[in-house]
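File shown: final.cif. Contents: mmCIF, C-alpha atoms.
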```cif
data_upload
loop_
_atom_site.label_atom_id
_atom_site.label_comp_id
_atom_site.auth_asym_id
_atom_site.auth_seq_id
_atom_site.Cartn_x
_atom_site.Cartn_y
_atom_site.Cartn_z
CA MET V 83 91.81 108.86 101.22
CA LEU V 84 92.12 105.07 101.45
CA LEU V 85 91.38 103.37 104.78
CA ASP V 86 92.92 100.07 105.77
CA THR V 87 89.64 99.34 107.49
CA ALA V 88 90.57 96.25 109.51
CA SER V 89 93.73 97.93 110.79
CA LEU V 90 91.61 100.85 112.01
CA TYR V 91 88.79 98.87 113.60
CA PHE V 92 91.32 96.68 115.43
CA ARG V 93 92.88 99.86 116.81
CA ALA V 94 89.45 101.20 117.74
CA TYR V 95 88.62 97.93 119.49
CA PHE V 96 91.74 98.05 121.64
CA GLY V 97 91.59 101.82 122.13
CA VAL V 98 87.95 102.22 123.18
CA PRO V 99 86.75 100.49 126.40
CA ASP V 100 84.49 97.48 125.87
CA SER V 101 82.13 99.07 128.37
CA VAL V 102 80.83 100.95 125.29
CA ARG V 103 77.83 98.75 124.54
CA ALA V 104 74.59 98.49 122.59
CA PRO V 105 71.24 98.55 124.43
CA ASP V 106 71.28 94.71 124.55
CA GLY V 107 74.72 94.75 126.20
CA THR V 108 76.76 93.80 123.11
CA PRO V 109 80.11 95.65 122.94
CA VAL V 110 80.21 98.18 120.09
CA ASN V 111 83.54 99.81 120.95
CA ALA V 112 85.08 98.98 117.55
CA VAL V 113 82.04 100.28 115.66
CA ARG V 114 81.79 103.56 117.52
CA GLY V 115 85.56 103.98 117.64
CA LEU V 116 85.84 103.55 113.86
CA LEU V 117 83.06 106.08 113.26
CA ASP V 118 84.91 108.59 115.43
CA PHE V 119 88.14 107.81 113.55
CA ILE V 120 86.45 108.58 110.22
CA THR V 121 84.94 111.78 111.62
CA ARG V 122 88.35 113.00 112.77
CA LEU V 123 90.01 112.09 109.45
CA VAL V 124 87.38 113.97 107.45
CA GLN V 125 87.57 116.99 109.76
CA ASP V 126 91.36 117.15 109.68
CA HIS V 127 92.09 116.23 106.05
CA HIS V 128 88.94 117.10 104.05
CA PRO V 129 89.19 114.31 101.45
CA ASP V 130 86.92 114.55 98.40
CA ASP V 131 86.94 110.77 98.00
CA LEU V 132 87.17 108.18 100.76
CA VAL V 133 87.25 104.39 100.38
CA ALA V 134 87.03 101.87 103.20
CA CYS V 135 89.23 99.10 101.78
CA TRP V 136 88.16 95.65 102.92
CA ASP V 137 89.84 92.29 103.52
CA ASN V 138 87.77 89.84 101.46
CA ASP V 139 90.60 87.39 102.13
CA TRP V 140 93.04 88.29 104.90
CA ARG V 141 95.40 85.37 104.00
CA PRO V 142 95.24 84.76 100.25
CA HIS V 143 96.04 81.21 99.17
CA TRP V 144 98.43 82.40 96.47
CA ARG V 145 100.60 84.08 99.12
CA VAL V 146 100.49 81.02 101.39
CA GLU V 147 101.57 78.79 98.50
CA LEU V 148 104.71 80.89 98.14
CA ILE V 149 105.44 81.23 101.89
CA PRO V 150 103.43 78.69 103.96
CA SER V 151 104.20 80.51 107.23
CA TYR V 152 102.45 83.66 105.96
CA LYS V 153 100.10 84.75 108.79
CA ALA V 154 99.89 81.09 109.87
CA HIS V 155 100.04 81.99 113.58
CA ARG V 156 96.83 84.02 113.20
CA VAL V 157 94.72 81.18 111.76
CA ALA V 158 91.86 80.11 114.03
CA GLU V 159 90.58 77.50 111.58
CA GLU V 160 91.62 76.45 108.09
CA THR V 161 88.91 76.09 105.46
CA GLU V 162 89.13 74.28 102.14
CA LEU V 163 86.71 76.65 100.45
CA GLY V 164 87.03 80.36 101.03
CA PRO V 165 89.32 82.31 103.37
CA ASP V 166 90.73 80.75 106.53
CA GLU V 167 89.13 81.96 109.72
CA GLU V 168 91.27 84.57 111.45
CA GLU V 169 91.84 84.56 115.18
CA THR V 170 89.81 87.56 116.34
CA PRO V 171 88.82 88.63 119.85
CA ASP V 172 85.42 87.14 120.75
CA THR V 173 83.80 90.53 121.22
CA LEU V 174 85.27 92.04 118.02
CA ALA V 175 84.14 89.42 115.48
CA PRO V 176 80.39 90.21 115.86
CA GLN V 177 81.10 93.92 115.35
CA VAL V 178 82.63 93.51 111.89
CA PRO V 179 79.30 92.86 110.07
CA VAL V 180 77.83 95.85 111.92
CA ILE V 181 80.68 98.04 110.69
CA ALA V 182 80.06 96.84 107.12
CA ALA V 183 76.32 97.52 107.37
CA VAL V 184 76.79 101.00 108.82
CA LEU V 185 79.34 102.02 106.17
CA ASP V 186 77.03 100.72 103.42
CA ALA V 187 74.01 102.58 104.82
CA LEU V 188 76.07 105.77 105.10
CA GLY V 189 77.12 105.43 101.46
CA ILE V 190 80.84 105.35 102.24
CA ALA V 191 82.45 103.18 99.57
CA ARG V 192 83.49 99.80 101.00
CA VAL V 193 85.60 97.90 98.49
CA GLY V 194 87.14 94.45 98.59
CA ALA V 195 88.11 91.77 96.08
CA ASP V 196 87.84 88.01 96.52
CA GLY V 197 91.25 86.39 96.94
CA TYR V 198 92.91 89.65 97.98
CA GLU V 199 93.68 91.65 101.09
CA ALA V 200 92.73 95.26 101.74
CA ASP V 201 96.41 96.09 101.11
CA ASP V 202 96.00 94.91 97.52
CA VAL V 203 92.86 97.01 97.07
CA ILE V 204 94.80 100.00 98.40
CA GLY V 205 97.70 99.22 96.05
CA THR V 206 95.36 99.02 93.06
CA LEU V 207 93.46 102.22 93.87
CA THR V 208 96.75 104.03 94.49
CA ALA V 209 98.05 102.86 91.11
CA ARG V 210 94.87 104.08 89.42
CA ALA V 211 94.79 107.47 91.15
CA THR V 212 95.53 110.57 89.11
CA GLY V 213 95.95 112.87 92.11
CA PRO V 214 97.31 112.80 95.67
CA VAL V 215 96.48 109.83 97.90
CA ASP V 216 96.50 109.56 101.69
CA ILE V 217 96.60 105.96 102.96
CA VAL V 218 95.49 105.57 106.58
CA THR V 219 96.88 102.38 108.10
CA GLY V 220 98.67 100.93 111.10
CA ASP V 221 100.42 98.45 108.76
CA ARG V 222 103.97 99.44 107.88
CA ASP V 223 103.91 97.22 104.77
CA LEU V 224 102.04 100.00 102.99
CA PHE V 225 105.06 102.30 103.35
CA GLN V 226 106.04 100.75 100.01
CA LEU V 227 103.42 102.96 98.30
CA VAL V 228 104.96 106.26 99.45
CA ASP V 229 105.84 108.42 96.45
CA ASP V 230 106.46 112.15 96.90
CA ALA V 231 106.40 112.91 93.18
CA ARG V 232 102.86 111.55 92.90
CA GLY V 233 101.64 112.91 96.24
CA ARG V 234 101.26 109.51 97.90
CA ARG V 235 101.84 109.27 101.62
CA VAL V 236 100.89 107.05 104.54
CA LEU V 237 99.17 108.47 107.61
CA TYR V 238 100.18 106.07 110.37
CA PRO V 239 98.20 106.32 113.63
CA LEU V 240 100.38 106.76 116.70
CA LYS V 241 97.50 107.37 119.09
CA GLY V 242 94.00 107.00 117.69
CA VAL V 243 93.86 109.05 114.51
CA GLY V 244 94.32 112.34 116.31
CA THR V 245 98.08 111.85 116.21
CA LEU V 246 99.21 110.63 112.80
CA GLN V 247 102.75 110.10 111.60
CA THR V 248 102.93 111.55 108.09
CA THR V 249 105.12 109.09 106.24
CA ASP V 250 106.77 110.54 103.15
CA GLU V 251 110.06 109.79 101.40
CA ALA V 252 112.07 112.06 103.71
CA TRP V 253 110.72 110.22 106.77
CA LEU V 254 111.40 106.80 105.21
CA ARG V 255 114.97 107.72 104.29
CA GLU V 256 115.67 109.12 107.74
CA ARG V 257 114.16 106.12 109.53
CA TYR V 258 115.08 103.24 107.23
CA GLY V 259 117.42 104.62 104.57
CA VAL V 260 115.09 103.56 101.74
CA ASP V 261 112.35 104.98 99.53
CA GLY V 262 108.88 103.47 99.08
CA PRO V 263 109.78 100.64 96.67
CA GLY V 264 112.95 99.98 98.70
CA TYR V 265 110.81 99.26 101.74
CA VAL V 266 109.71 95.96 100.13
CA ASP V 267 113.33 94.78 99.96
CA LEU V 268 114.01 95.93 103.51
CA ALA V 269 110.89 94.23 104.87
CA LEU V 270 111.51 90.87 103.27
CA LEU V 271 115.18 90.79 104.29
CA ARG V 272 114.36 91.80 107.87
CA GLY V 273 111.27 89.62 108.11
CA ASP V 274 108.09 90.37 110.00
CA PRO V 275 106.92 88.04 112.77
CA SER V 276 103.47 89.66 112.81
CA ASP V 277 102.95 88.45 109.23
CA GLY V 278 104.84 85.18 109.56
CA LEU V 279 107.60 86.35 107.21
CA PRO V 280 110.82 84.62 108.27
CA GLY V 281 113.27 87.05 106.69
CA VAL V 282 116.89 86.11 106.14
CA PRO V 283 118.32 84.69 109.39
CA GLY V 284 120.92 87.01 110.88
CA ILE V 285 119.91 89.97 108.67
CA GLY V 286 118.12 92.48 110.89
CA GLU V 287 116.79 95.88 109.98
CA LYS V 288 120.06 97.79 110.33
CA THR V 289 122.05 95.22 108.35
CA ALA V 290 119.36 95.11 105.65
CA ALA V 291 119.45 98.91 105.36
CA LYS V 292 123.27 98.88 105.07
CA LEU V 293 123.19 96.18 102.39
CA LEU V 294 120.60 98.12 100.40
CA ALA V 295 122.64 101.32 100.73
CA THR V 296 125.71 99.46 99.45
CA PHE V 297 124.19 97.36 96.67
CA GLY V 298 121.12 99.37 95.68
CA ASP V 299 118.35 96.81 95.81
CA LEU V 300 117.60 93.14 96.43
CA ALA V 301 118.85 92.11 92.99
CA GLY V 302 122.12 93.95 93.62
CA ILE V 303 122.55 92.22 96.99
CA MET V 304 121.97 88.76 95.50
CA ALA V 305 124.38 89.53 92.64
CA ALA V 306 126.98 90.44 95.27
CA VAL V 307 126.57 86.99 96.84
CA ASP V 308 127.98 85.55 93.60
CA ASP V 309 130.75 88.12 93.36
CA PRO V 310 133.79 87.15 95.45
CA ALA V 311 135.02 90.74 95.32
CA ALA V 312 131.80 92.17 96.78
CA LYS V 313 132.02 93.56 100.31
CA LEU V 314 129.97 91.00 102.19
CA THR V 315 131.06 89.31 105.38
CA PRO V 316 131.41 85.52 105.11
CA SER V 317 128.37 85.04 107.36
CA GLN V 318 126.24 87.46 105.31
CA ARG V 319 127.24 85.71 102.09
CA LYS V 320 126.41 82.32 103.57
CA ARG V 321 123.04 83.37 105.00
CA LEU V 322 121.93 85.10 101.82
CA ASP V 323 123.05 82.15 99.72
CA GLU V 324 121.07 79.74 101.90
CA ALA V 325 118.01 82.00 101.68
CA ARG V 326 117.82 82.05 97.86
CA ALA V 327 114.56 80.11 97.69
CA TYR V 328 112.88 82.49 100.13
CA VAL V 329 114.32 85.60 98.47
CA ALA V 330 113.03 84.41 95.09
CA VAL V 331 109.36 84.32 96.19
CA ALA V 332 109.19 86.86 99.04
CA PRO V 333 108.88 89.98 96.83
CA LYS V 334 105.59 88.71 95.39
CA VAL V 335 104.26 88.07 98.89
CA VAL V 336 105.35 91.40 100.39
CA ARG V 337 104.55 93.62 97.41
CA VAL V 338 100.92 94.74 97.23
CA ALA V 339 99.07 93.90 94.04
CA PRO V 340 98.60 96.93 91.75
CA ASP V 341 96.03 95.40 89.40
CA VAL V 342 93.25 93.74 91.40
CA PRO V 343 89.89 93.51 89.56
CA LEU V 344 87.53 95.71 91.55
CA PRO V 345 83.77 96.25 91.35
CA ASP V 346 82.37 99.57 90.17
CA PHE V 347 81.84 102.01 93.03
CA ASP V 348 81.50 105.70 93.78
CA PRO V 349 84.39 106.92 95.95
CA ALA V 350 82.88 110.37 96.58
CA LEU V 351 82.38 111.14 100.24
CA PRO V 352 78.60 111.37 100.77
CA ASP V 353 77.04 114.47 102.30
CA GLU V 354 73.93 112.55 103.36
CA PRO V 355 73.23 108.86 104.08
CA LEU V 356 72.56 106.52 101.17
CA ASP V 357 69.95 104.60 103.17
CA PRO V 358 68.64 106.77 106.04
CA ALA V 359 66.00 104.26 107.20
CA THR V 360 68.47 101.39 107.54
CA LEU V 361 70.97 103.69 109.21
CA GLU V 362 68.35 104.78 111.75
CA GLU V 363 67.53 101.13 112.51
CA LEU V 364 71.22 100.27 112.93
CA SER V 365 71.77 103.28 115.17
CA ALA V 366 68.86 102.35 117.44
CA ARG V 367 69.74 98.66 117.61
CA TRP V 368 73.44 99.14 118.29
CA GLY V 369 73.31 102.37 120.27
CA LEU V 370 75.56 104.30 117.91
CA GLY V 371 74.25 107.63 119.18
CA GLY V 372 76.77 110.42 119.37
CA ALA V 373 79.47 108.69 117.31
CA LEU V 374 77.17 108.35 114.30
CA GLN V 375 75.68 111.82 114.74
CA ARG V 376 79.13 113.41 114.85
CA LEU V 377 80.03 111.72 111.57
CA LEU V 378 76.75 112.72 109.90
CA THR V 379 77.26 116.33 110.98
CA THR V 380 80.80 116.29 109.61
CA LEU V 381 79.70 114.80 106.29
CA GLN V 382 77.17 117.60 105.82
CA ARG V 383 80.08 120.08 105.86
#
```
Do you think you could lay out the structure here as structure tokens?
Amino acid sequence: MLLDTASLYFRAYFGVPDSVRAPDGTPVNAVRGLLDFITRLVQDHHPDDLVACWDNDWRPHWRVELIPSYKAHRVAEETELGPDEEETPDTLAPQVPVIAAVLDALGIARVGADGYEADDVIGTLTARATGPVDIVTGDRDLFQLVDDARGRRVLYPLKGVGTLQTTDEAWLRERYGVDGPGYVDLALLRGDPSDGLPGVPGIGEKTAAKLLATFGDLAGIMAAVDDPAAKLTPSQRKRLDEARAYVAVAPKVVRVAPDVPLPDFDPALPDEPLDPATLEELSARWGLGGALQRLLTTLQR
């Protein structure tokens, strides 16, 4: 089981009231909410291995070089060295280091790679996996990793993690008319305002799906632009032709990296804390109480 950790703690933050606080009054709704998410996931799905995938760089420079608008609207401050600072709610930002410390003390693998997003870590671990993989994320971009033959699916939270949409190839084809790899082509044609991806003007989701159904993939669509006999409307042909520069680089931006260099780690789900003393200190300081105890009880299964 691979967790898109930031996606989940953002959901916890907005789903759990900020009246949930530490003894000193600091909100810990994201911390406690994420712990309850993990408890529920372990209870419901019984993974042998679980990795909390981490954004060491939420807006990698190599993606921005290709598409400068990539996540630009979410930048709080640009930095010359290291990742740009992401716009994060004032009461969430201080909780992120606490989440990291708690996961580390528990012994739950927390894995990131400098210059890459959690999505890329997930893509790499999925590519390496020899058995089934469940990816837990609220980011539709990871639908591209769905592969029934290899037992790879996305569990997409609809409400907390108690109600998860199981995204497999049948669901993708019914909803979008594409398979996992085809979702990359659909996403880049349609665009995604939440990621600052412009898409091809005038080509929405339904049109993109129809073009992919007709021409097979992005390469087939662009070949049709150069074929006067191809069944494209004049406006579609014109818009796709004008978008060639974007279409040439967008796949690299949208596609998750399958070969990120990762540190050595143990993905096995622990049955007892790695560092009980530190965990006890964190629990007392941040008032993690029942949320942490529920997870510890579940891990002792």
Where does the PyMOL selection byres ((chain V and resi 278) around 10) land in this file, that is, which residues does it pick, as a ChimeraX atom specification? /V:149-156,273-277,279-281
Run the PyMOL selection byres ((chain V and resi 182-195) around 9) against the file shown and list the residues it catches, as a PyMOL selection string. chain V and resi 87+113+117+131-139+177-181+196-200+202-203+342-345+347-352+354-361+364-365+378
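Closest to V:Thr289 among V:Ala211, V:Gln318, V:Asp309, V:Leu377 is V:Gln318, based on only C-alpha atoms.
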Choose the residue, out of V:Val102, V:Val157, V:Val307, V:Leu237, that has the smallest atom-to-atom separation from V:Leu123; count all atoms listed in the file.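 Among V:Val102, V:Val157, V:Val307, V:Leu237, it is V:Leu237 that comes nearest to V:Leu123.
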Atom CA of V:Ala327 and atom CA of V:Gly302, how far apart in Å? 16.3 Å
Of the candidates V:Asp308, V:Glu160, V:Asp216, V:Glu147, which one gets nearest to V:Pro129 if we count all atoms listed in the file? V:Asp216
Straight-line distance linking atom CA of V:Arg232 with atom CA of V:Ala209, stated in Å to one decimal: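 For atom CA of V:Arg232 relative to atom CA of V:Ala209, the distance reads 10.1 Å.
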Picked residues, the PyMOL selection byres ((chain V and resi 236) around 9), expected as a list in words: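 On the file shown, the PyMOL selection byres ((chain V and resi 236) around 9) covers Val215, Asp216, Ile217, Val218, Thr219, Arg222, Leu224, Phe225, Leu227, Val228, Arg234, Arg235, Leu237, Tyr238, Gln247, Thr248, Thr249 and Asp250 of chain V.
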As an exercise, work out the distance from atom CA of V:His127 to atom CA of V:Ser89 in Å and give it to one decimal place. 19.0 Å
With a distance cut-off of 12 Å and all atoms listed in the file, select the neighbouring residues of V:Gly369, excluding the residue or stretch itself and same-chain residues fewer than 2 positions from it, and output the selection as JSON, numbers by chain. {"V": [102, 103, 104, 105, 106, 107, 108, 109, 110, 111, 113, 114, 180, 361, 362, 363, 364, 365, 366, 367, 371, 372, 373, 374, 375]}
Would you mind telling me which residue in V:Leu268, V:Ala112, V:Ile204, V:Val124 lies nearest to V:Gly298 when using all atoms listed in the file?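 Checking each of V:Leu268, V:Ala112, V:Ile204, V:Val124 against V:Gly298, counting all atoms listed in the file, the winner is V:Leu268.
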Please determine, counting all atoms listed in the file, which residue among V:Asp267, V:Asp201, V:Asp229, V:Glu169 has the shortest atom-to-atom distance to V:Trp253.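 Among V:Asp267, V:Asp201, V:Asp229, V:Glu169, it is V:Asp229 that comes nearest to V:Trp253.
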Find the residues near V:Ala330: any atom within 12 Å, counting only C-alpha atoms, skip ones fewer than 4 places away on the same chain, and give them as a VMD selection string. chain V and resid 148 to 149 267 270 to 271 281 to 282 300 to 301 304 322 to 326 334 to 336
Which residue, V:Asp166, V:Asp261, V:Asp130, V:Glu251, has the smallest gap to V:Val146 when you use all atoms listed in the file?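 Closest residue, counting all atoms listed in the file: V:Asp166.
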